[in-house]
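Below: one structure, written as structure tokens.
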Amino acid sequence: MAILDFFSYSIENLRHRKLRSWLTMIGIFIGIAAVVALIGLGEGLRGAITGQFGFLGPDVLAVQASGLNFAGPPGQAVVNPLTKDLTEKIKSIPGVDIAVNRYIETGAFEFNDIQDIVFAWNVPENKERSKFEKMLNLKVSQGRLLKDGDKFKVVLGNSFTDEDRFGKPIQVGNNIIFEGKQFEVVGILEKKGSFIFDTAVIMNEDVLISEFKDDDSVNAIAIKVNDLKSIGNVKRNVEELLRKERGVKEGEEDFTVQSPESALESLDDVLFGVQLFISIIAFISLVVGGIGITNTMYTAVLERTKEIGIMKSIGARNSSIFTLFFMESGFLGFVGGLIGVAIGVALANLFAFAGRQALGSDLIKADVSLALVFGSLLFSVIVGLIAGTVPAYHASKKNPVDALRFAK
Amino acid sequence: MNLELIKYALLNVRKRKLRSGLTVLSILIGVTAIYALVSFGVGLQNYVDVIAEQAGVDKIFLQARGIGAPGTDPNFFISKDDVEFVEKINGVQEISGLYMKTSEVKKDRQIKFVFGTGIDPDKWEFIEESFTAGVEKGRALKKGDIDKAVLGYNYQLENKIFRKPVSLGEKLEINGRKFEVVGFFEEIGNPQDDSNIYFTYGAIEDMFPEVKDKFGWAMVKANRNTEPRALAESIQEKLRKHKGQEEGKEDFFVQTFEDALQTFTNIITVLNGVLVLIALISVIVAAVNTTNTMYTAVLERTKEIGVMKAVGARNSSILHIYVVESGIVGLIGGIMGVLLGFAISSIGGAIAVQAGFSFLKPAFPIWLTSGSILFAFTVGAISGVLPAIRASKLRPVDALRYE
């Protein structure tokens with residue numbers, strides 16, 4: 001038998017038992033749709049969340065004092081904070097392009113008589129300013145970025161222009177109050193999609209220090225290296241310097257030096273774990289769908305016992321009979337998967353859209369990759385094939401004489 | 001006739017062992033997942049209820065706004081003056097401010113960062129009442145215990161916080177100073193609280209002079225005759241006026257324990273609900289499978305139906321036969337699913353407790369067990385309705401002639 005004959009025979013049989021085939025495929029496509037929709041949504045959400053933090057290039061290192069991660073902004077929940085004199089020393093390490101102090105100051109922000117708690121961070125002065133702006137890819141959508149000597153002037157993140165946040169959108173030229181001090185807005189950043197930019201108040205470093213700091217602590221130190229290849233060396237040298245400066249032994253460091261990307265990995269791991277758990281629960285329905293296929297195929301074998309007997313008696317080999325049922329079952333999986341993927345993609349986007357409308361958060365996105373589509377399709381075929389293996393085996397092993405004699 | 005019906009259904013289920021078995025399997029998988037997930041949800045709700053009861057609904061939190069965990073944002077705090085002012089408000093029975101400072105603990109070259117809580121030694125009993133946990137081993141802290149600390153439950157365990165367990169009387173290096181461990185708290189049930197370290201006010205103020213009189217939050221207890229929610233509102237308003245802040249621009253917020261707990265419970269319930277919904281998908285698939293199986297059964301037994309009708313069976317009897325049969329398939333799947341779900345939850349709960357998440361303890365109320373079984377039966381019966389209608393509508397003559 002040619003492979004094409006197997007195909008047409010399978011399709012013919014499936015069409016013959018339309019109702020049963022449909023019900024079986026419904027089982028598979030519900031499962032596949034659930035898996036595709038949930039993985040697609042999870043992937044989109046995970047990408048959006050990690051995207052909140054992953055805006056720095058691979059050539060950047062962040063130095064932080066150790067403490068309780070995720071208990072607040074960097075450098076907040078620490079025991080022994082970094083100090084700004086370290087930055088000067090780090091600058092002299094070979095391979096360091098720039099090293100900048102990162103201050104993060106939370107405070108009450110007021111505009112239009114409405115108050116909110118927000119955070120402010122600094123932009124360094126002088127020649128480091130342009131390198132820093134380039135490192136973060138800072139661009140304004142209105143007004144201008146800060147320049148040296150801009151006292152009591154701020155640039156705001158894009159979310160401050162939201163109408164419902166402070167009653168009316170904040171514009172360039174408006175005056176706002178941060179921690180009791182009045183500032184003039186000179187620029188609004190482009191929308192970045194990360195809260196670190198979109199919800200931030202940005203001011204010059206000297207203003208932030210003179211107005212809001214009463215000690216030498218810094219939240220973090222950002223280092224950009226000259227050459228990506230030397231980043232490992234720079235990291236080691238910075239660690240050594242900090243150990244010496246802070247008087248701690250190797251293995252007992254109370255600080256971390258890592259690229260923001262590697263810092264993100266632990267967050268990503270947690271999110272991935274959640275996604276995996278949900279996928280496993282959705283996956284259960286696929287297993288149930290697979291059982292449905294097995295059941296249908298057993299019935300099909302039973303129904304066609306006589307047919308199998310005839311085929312065998314005119315010379316069909318066991319392997320041909322096996323292939324026949326095996327392919328039919330795979331076909332059930334494939335068609336079920338095809339419909340399921342289509343529904344799943346639609347559902348993922350629909351949910352993401354509904355979620356965005358309901359919660360007003362851009363974080364909810366669907367990201368159905370090509371790999372997910374083809375993976376699911378392949379998977380549904382495999383489920384079909386596995387589900388069909390035992391019934392097909394039984395069919396192939398039937399004794400022709402008994403099969404011919406079989407009465408329905 | 002009812003008993004006869006069930007007997008006949010069971011006979012048929014048994015006759016087609018393989019097919020019935022596969023159908024039961026598909027139902028049982030879904031029921032297992034739902035039963036296990038709900039049992040964890042119920043267990044969590046029970047845990048929260050117990051806390052609510054023990055800590056009492058008369059507690060109110062006074063917290064600073066700001067970003068991050070309480071006590072970590074140096075710009076926002078509850079001052080000693082705030083606490084003293086609130087203490088005088090009518091209806092407040094007791095109040096105590098708590099310091100929260102990230103602390104570095106060192107033992108055998110291992111370093112861990114945890115929350116250090118500064119407690120007023122004079123209010124120790126009040127704090128124990130609010131935390132629903134007391135000192136289990138050793139003693140509480142007293143005034144003047146400037147180099148002594150009480151540790152959370154998990155420090156006594158091996159390979160939990162440190163490789164080796166901490167023992168009473170041991171000296172630990174905390175934030176660069178030596179502290180003697182004088183007591184251990186009872187288990188609270190989550191890894192974060194169970195890794196806390198408790199100091200006296202004096203110890204915190206000595207280590208971190210910059211936070212003196214700046215508390216992370218404060219715990220308030222309402223008088224017996226005062227409604228906590230009303231008191232929370234009155235504290236909010238009076239403290240705001242006292243601090244000269246406008247409405248909506250307070251740098252603090254007041255929340256009753258009950259409301260805070262409710263928020264937490266709501267989140268958990270929604271999350272659990274989503275998981276159950278996803279698990280429900282597999283039940284839908286199982287229902288489709290059952291319908292399929294029943295259609296096949298009707299087809300196979302067409303002749304039998306014809307005979308039954310020929311000897312006087314009414315359409316409704318045929319309908320009942322097939323609905324009951326598929327209900328029984330669901331029932332068997334439901335019972336097995338509940339058993340398997342019980343086993344999985346029990347094992348999962350034991351693992352969670354081992355890992356320090358003792359609040360993840362599943363509960364198996366009767367309504368859950370009976371509800372799951374009833375649900376499985378109903379799903380089975382409903383799945384059988386369409387095939388049963390087809391069976392009941394068969395014309396006896398055609399059915400008898402069917403080959």
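Following the order of the structure tokens, first chain is A, next is B, and so on, with residues numbered from 1 inside each chain and ligands from 1 in the order they appear.
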Can you list every residue of chain A that has an atom at most 7 Å from chain B, with its nearest atom pair and the distance in Å to one decimal, using only C-alpha atoms, ordered by chain then number, as a Markdown table?
| residue | atom | partner | partner_atom | distance |
| --- | --- | --- | --- | --- |
| A:Arg20 | CA | B:Asn292 | CA | 6.0 |
| A:Leu23 | CA | B:Asn292 | CA | 6.2 |
| A:Thr24 | CA | B:Asn289 | CA | 6.8 |
| A:Gly27 | CA | B:Val285 | CA | 4.8 |
| A:Ile30 | CA | B:Val285 | CA | 6.9 |
| A:Gly67 | CA | B:Phe113 | CA | 5.3 |
| A:Leu68 | CA | B:Phe113 | CA | 6.0 |
| A:Ala71 | CA | B:Ala69 | CA | 5.1 |
| A:Gly72 | CA | B:Gly68 | CA | 3.6 |
| A:Pro73 | CA | B:Gly68 | CA | 6.6 |
| A:Gln76 | CA | B:Thr72 | CA | 5.9 |
| A:Ala77 | CA | B:Thr72 | CA | 5.1 |
| A:Val78 | CA | B:Thr102 | CA | 5.8 |
| A:Val79 | CA | B:Thr102 | CA | 5.7 |
| A:Thr106 | CA | B:Gly66 | CA | 6.7 |
| A:Gly107 | CA | B:Asn75 | CA | 6.9 |
| A:Gln115 | CA | B:Lys249 | CA | 5.5 |
| A:Ile117 | CA | B:Gly66 | CA | 6.2 |
| A:Glu252 | CA | B:Arg109 | CA | 6.5 |
| A:Ile281 | CA | B:Ala279 | CA | 5.9 |
| A:Ala282 | CA | B:Ile278 | CA | 5.9 |
| A:Ile284 | CA | B:Ser282 | CA | 6.2 |
| A:Ser285 | CA | B:Ser282 | CA | 3.8 |
| A:Val288 | CA | B:Ser26 | CA | 5.0 |
| A:Gly289 | CA | B:Val285 | CA | 6.2 |
| A:Ile291 | CA | B:Leu22 | CA | 6.4 |
| A:Gly292 | CA | B:Asn289 | CA | 5.3 |
| A:Asn295 | CA | B:Arg19 | CA | 5.9 |
Inset, instruction - Extract, using only C-alpha atoms, all DNA, RNA and protein residues at most 7 Å from range 119-125 of chain B, discarding same-chain residues fewer than 3 positions from it, and format them as an NGL selection string. - result: :B and (96 or 98-99 or 128-129 or 141-143 or 198-201)
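Computed from the coordinates, the CA of Val381 in chain A to CA of Gly315 in chain A distance equals 29.1 Å.
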Inset, instruction - Considering only C-alpha atoms, return as a PyMOL selection string whatever protein or nucleic-acid residues lie within 8 Å of Ser326 in chain B, sequence-local ones (same chain, fewer than 6 positions apart) excluded. - result: chain B and resi 290+294+380-381+383-384
Legend entry - Long-range neighbours of range 187-190 of chain B as a PyMOL selection string, 8 Å cut-off, only C-alpha atoms, 3 positions minimum in chain: chain B and resi 132-133+152-154+193-194+356-359
Legend entry - Residues flagged helix (DSSP H, G or I) by DSSP in range 202-337 of chain A, as number ranges by chain: A: 205-212, 228-246, 260-303, 305-313, 318-337
Using the selection just defined, write its residues with C-alpha atoms as a JSON list (two decimals), in the first residue's frame.
[["chain", "number", "residue", "atom", "x", "y", "z"],
["A", 205, "GLU", "CA", 22.07, 64.48, 40.94],
["A", 206, "ASP", "CA", 23.21, 67.58, 42.84],
["A", 207, "VAL", "CA", 19.61, 68.70, 43.35],
["A", 208, "LEU", "CA", 18.52, 65.31, 44.62],
["A", 209, "ILE", "CA", 21.45, 65.13, 47.04],
["A", 210, "SER", "CA", 21.20, 68.67, 48.37],
["A", 211, "GLU", "CA", 17.46, 68.59, 48.82],
["A", 212, "PHE", "CA", 16.70, 65.06, 49.92],
["A", 228, "LEU", "CA", 32.00, 43.66, 26.59],
["A", 229, "LYS", "CA", 34.80, 41.12, 26.49],
["A", 230, "SER", "CA", 36.42, 42.54, 29.61],
["A", 231, "ILE", "CA", 33.24, 42.50, 31.70],
["A", 232, "GLY", "CA", 34.33, 39.43, 33.66],
["A", 233, "ASN", "CA", 37.63, 41.07, 34.61],
["A", 234, "VAL", "CA", 35.96, 44.32, 35.59],
["A", 235, "LYS", "CA", 33.46, 42.42, 37.74],
["A", 236, "ARG", "CA", 36.26, 40.62, 39.57],
["A", 237, "ASN", "CA", 38.20, 43.83, 40.13],
["A", 238, "VAL", "CA", 35.14, 45.66, 41.43],
["A", 239, "GLU", "CA", 34.38, 42.81, 43.80],
["A", 240, "GLU", "CA", 37.92, 42.83, 45.09],
["A", 241, "LEU", "CA", 37.86, 46.57, 45.61],
["A", 242, "LEU", "CA", 34.55, 46.43, 47.47],
["A", 243, "ARG", "CA", 35.72, 43.59, 49.70],
["A", 244, "LYS", "CA", 38.73, 45.66, 50.68],
["A", 245, "GLU", "CA", 36.76, 48.86, 51.17],
["A", 246, "ARG", "CA", 33.98, 47.23, 53.17],
["A", 260, "PRO", "CA", 21.09, 43.30, 35.35],
["A", 261, "GLU", "CA", 20.35, 40.47, 32.98],
["A", 262, "SER", "CA", 21.62, 37.82, 35.34],
["A", 263, "ALA", "CA", 19.79, 39.50, 38.22],
["A", 264, "LEU", "CA", 16.62, 39.10, 36.21],
["A", 265, "GLU", "CA", 17.08, 35.39, 35.94],
["A", 266, "SER", "CA", 15.79, 34.63, 39.40],
["A", 267, "LEU", "CA", 12.64, 36.66, 38.78],
["A", 268, "ASP", "CA", 12.23, 34.93, 35.48],
["A", 269, "ASP", "CA", 12.64, 31.56, 37.16],
["A", 270, "VAL", "CA", 9.79, 32.30, 39.56],
["A", 271, "LEU", "CA", 7.51, 33.44, 36.76],
["A", 272, "PHE", "CA", 8.44, 30.43, 34.71],
["A", 273, "GLY", "CA", 7.58, 28.15, 37.62],
["A", 274, "VAL", "CA", 4.12, 29.68, 37.88],
["A", 275, "GLN", "CA", 3.61, 29.36, 34.15],
["A", 276, "LEU", "CA", 4.73, 25.76, 34.22],
["A", 277, "PHE", "CA", 2.30, 24.89, 37.01],
["A", 278, "ILE", "CA", -0.64, 26.40, 35.15],
["A", 279, "SER", "CA", 0.41, 24.67, 31.94],
["A", 280, "ILE", "CA", 0.55, 21.34, 33.72],
["A", 281, "ILE", "CA", -3.02, 21.74, 34.91],
["A", 282, "ALA", "CA", -4.11, 22.68, 31.40],
["A", 283, "PHE", "CA", -2.12, 19.74, 30.12],
["A", 284, "ILE", "CA", -4.34, 17.36, 32.10],
["A", 285, "SER", "CA", -7.17, 18.06, 29.66],
["A", 286, "LEU", "CA", -4.91, 17.00, 26.80],
["A", 287, "VAL", "CA", -4.24, 13.71, 28.53],
["A", 288, "VAL", "CA", -7.97, 13.23, 28.91],
["A", 289, "GLY", "CA", -8.36, 14.04, 25.22],
["A", 290, "GLY", "CA", -5.75, 11.40, 24.45],
["A", 291, "ILE", "CA", -7.73, 8.83, 26.42],
["A", 292, "GLY", "CA", -10.74, 9.77, 24.28],
["A", 293, "ILE", "CA", -8.74, 8.95, 21.16],
["A", 294, "THR", "CA", -7.69, 5.58, 22.55],
["A", 295, "ASN", "CA", -11.29, 4.81, 23.34],
["A", 296, "THR", "CA", -12.49, 5.80, 19.89],
["A", 297, "MET", "CA", -9.79, 3.78, 18.22],
["A", 298, "TYR", "CA", -10.63, 0.69, 20.26],
["A", 299, "THR", "CA", -14.21, 1.06, 19.14],
["A", 300, "ALA", "CA", -13.09, 1.51, 15.56],
["A", 301, "VAL", "CA", -10.99, -1.65, 15.72],
["A", 302, "LEU", "CA", -13.90, -3.56, 17.22],
["A", 303, "GLU", "CA", -16.31, -2.30, 14.60],
["A", 305, "THR", "CA", -12.95, -6.55, 13.00],
["A", 306, "LYS", "CA", -14.55, -8.21, 10.01],
["A", 307, "GLU", "CA", -12.90, -5.70, 7.69],
["A", 308, "ILE", "CA", -9.54, -6.44, 9.26],
["A", 309, "GLY", "CA", -10.19, -10.15, 8.75],
["A", 310, "ILE", "CA", -10.92, -9.59, 5.07],
["A", 311, "MET", "CA", -7.86, -7.42, 4.58],
["A", 312, "LYS", "CA", -5.68, -10.01, 6.23],
["A", 313, "SER", "CA", -7.16, -12.87, 4.27],
["A", 318, "ASN", "CA", 0.24, -7.09, 10.31],
["A", 319, "SER", "CA", 2.40, -4.01, 9.86],
["A", 320, "SER", "CA", -0.02, -2.62, 7.26],
["A", 321, "ILE", "CA", -2.97, -3.05, 9.61],
["A", 322, "PHE", "CA", -0.99, -1.40, 12.39],
["A", 323, "THR", "CA", -0.06, 1.55, 10.18],
["A", 324, "LEU", "CA", -3.66, 1.93, 9.11],
["A", 325, "PHE", "CA", -5.05, 2.45, 12.58],
["A", 326, "PHE", "CA", -1.95, 4.20, 13.84],
["A", 327, "MET", "CA", -2.25, 6.83, 11.13],
["A", 328, "GLU", "CA", -5.94, 7.25, 11.60],
["A", 329, "SER", "CA", -5.36, 8.01, 15.23],
["A", 330, "GLY", "CA", -2.54, 10.42, 14.46],
["A", 331, "PHE", "CA", -4.82, 12.10, 12.00],
["A", 332, "LEU", "CA", -7.45, 12.61, 14.70],
["A", 333, "GLY", "CA", -4.79, 14.28, 16.82],
["A", 334, "PHE", "CA", -3.57, 16.42, 13.95],
["A", 335, "VAL", "CA", -6.95, 17.81, 12.94],
["A", 336, "GLY", "CA", -7.88, 18.32, 16.58],
["A", 337, "GLY", "CA", -4.59, 20.13, 17.11]]
Inset, instruction - Would you kindly return, as a PyMOL selection string, each protein, DNA or RNA residue with an atom no farther than 12 Å from any atom of Lys178 in chain B, considering only C-alpha atoms and excluding same-chain residues fewer than 3 positions away? - result: chain B and resi 104-107+146-149+169-175+181+203+207
Using only C-alpha atoms, determine which residues lie at most 7 Å from Val185 in chain A, disregarding the query and same-chain residues fewer than 2 positions distant; provide the list as a compact mmCIF listing (two decimals) with C-alpha atoms, in the first residue's frame.
# COMPACT_ATOMS: atom_id res chain seq x y z
CA LYS A 153 13.56 71.30 37.27
CA VAL A 154 12.43 67.76 36.56
CA VAL A 155 11.71 65.44 33.66
CA VAL A 172 5.89 70.85 30.08
CA GLY A 173 5.93 74.13 32.00
CA ASN A 174 3.66 72.89 34.81
CA ASN A 175 4.83 73.13 38.38
CA PHE A 183 9.74 71.81 40.63
CA GLY A 187 10.33 67.47 29.72
Legend entry - strand (DSSP E or B) call set, DSSP backbone run, range 202-277 of chain B, as a VMD selection string: chain B and resid 214 to 215 217 to 222 252 to 256
Legend entry - Shortest interatomic distance to Glu180 in chain B - which of B:Ala313, B:Val50, B:Val166, B:Val353, counting only C-alpha atoms: B:Val166
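The protein and nucleic acid residues lying at most 9 Å from Leu360 in chain B are Phe40, Gly41, Gly43, Leu44, Tyr47, Gly189, Asn190, Gly348, Gly349, Ala350, Ala352 and Val353 of chain B, with only C-alpha atoms considered and sequence neighbours fewer than 6 positions away removed.
Here CA of Phe197 in chain A is placed at a distance of 5.5 Å from CA of Gly157 in chain A.
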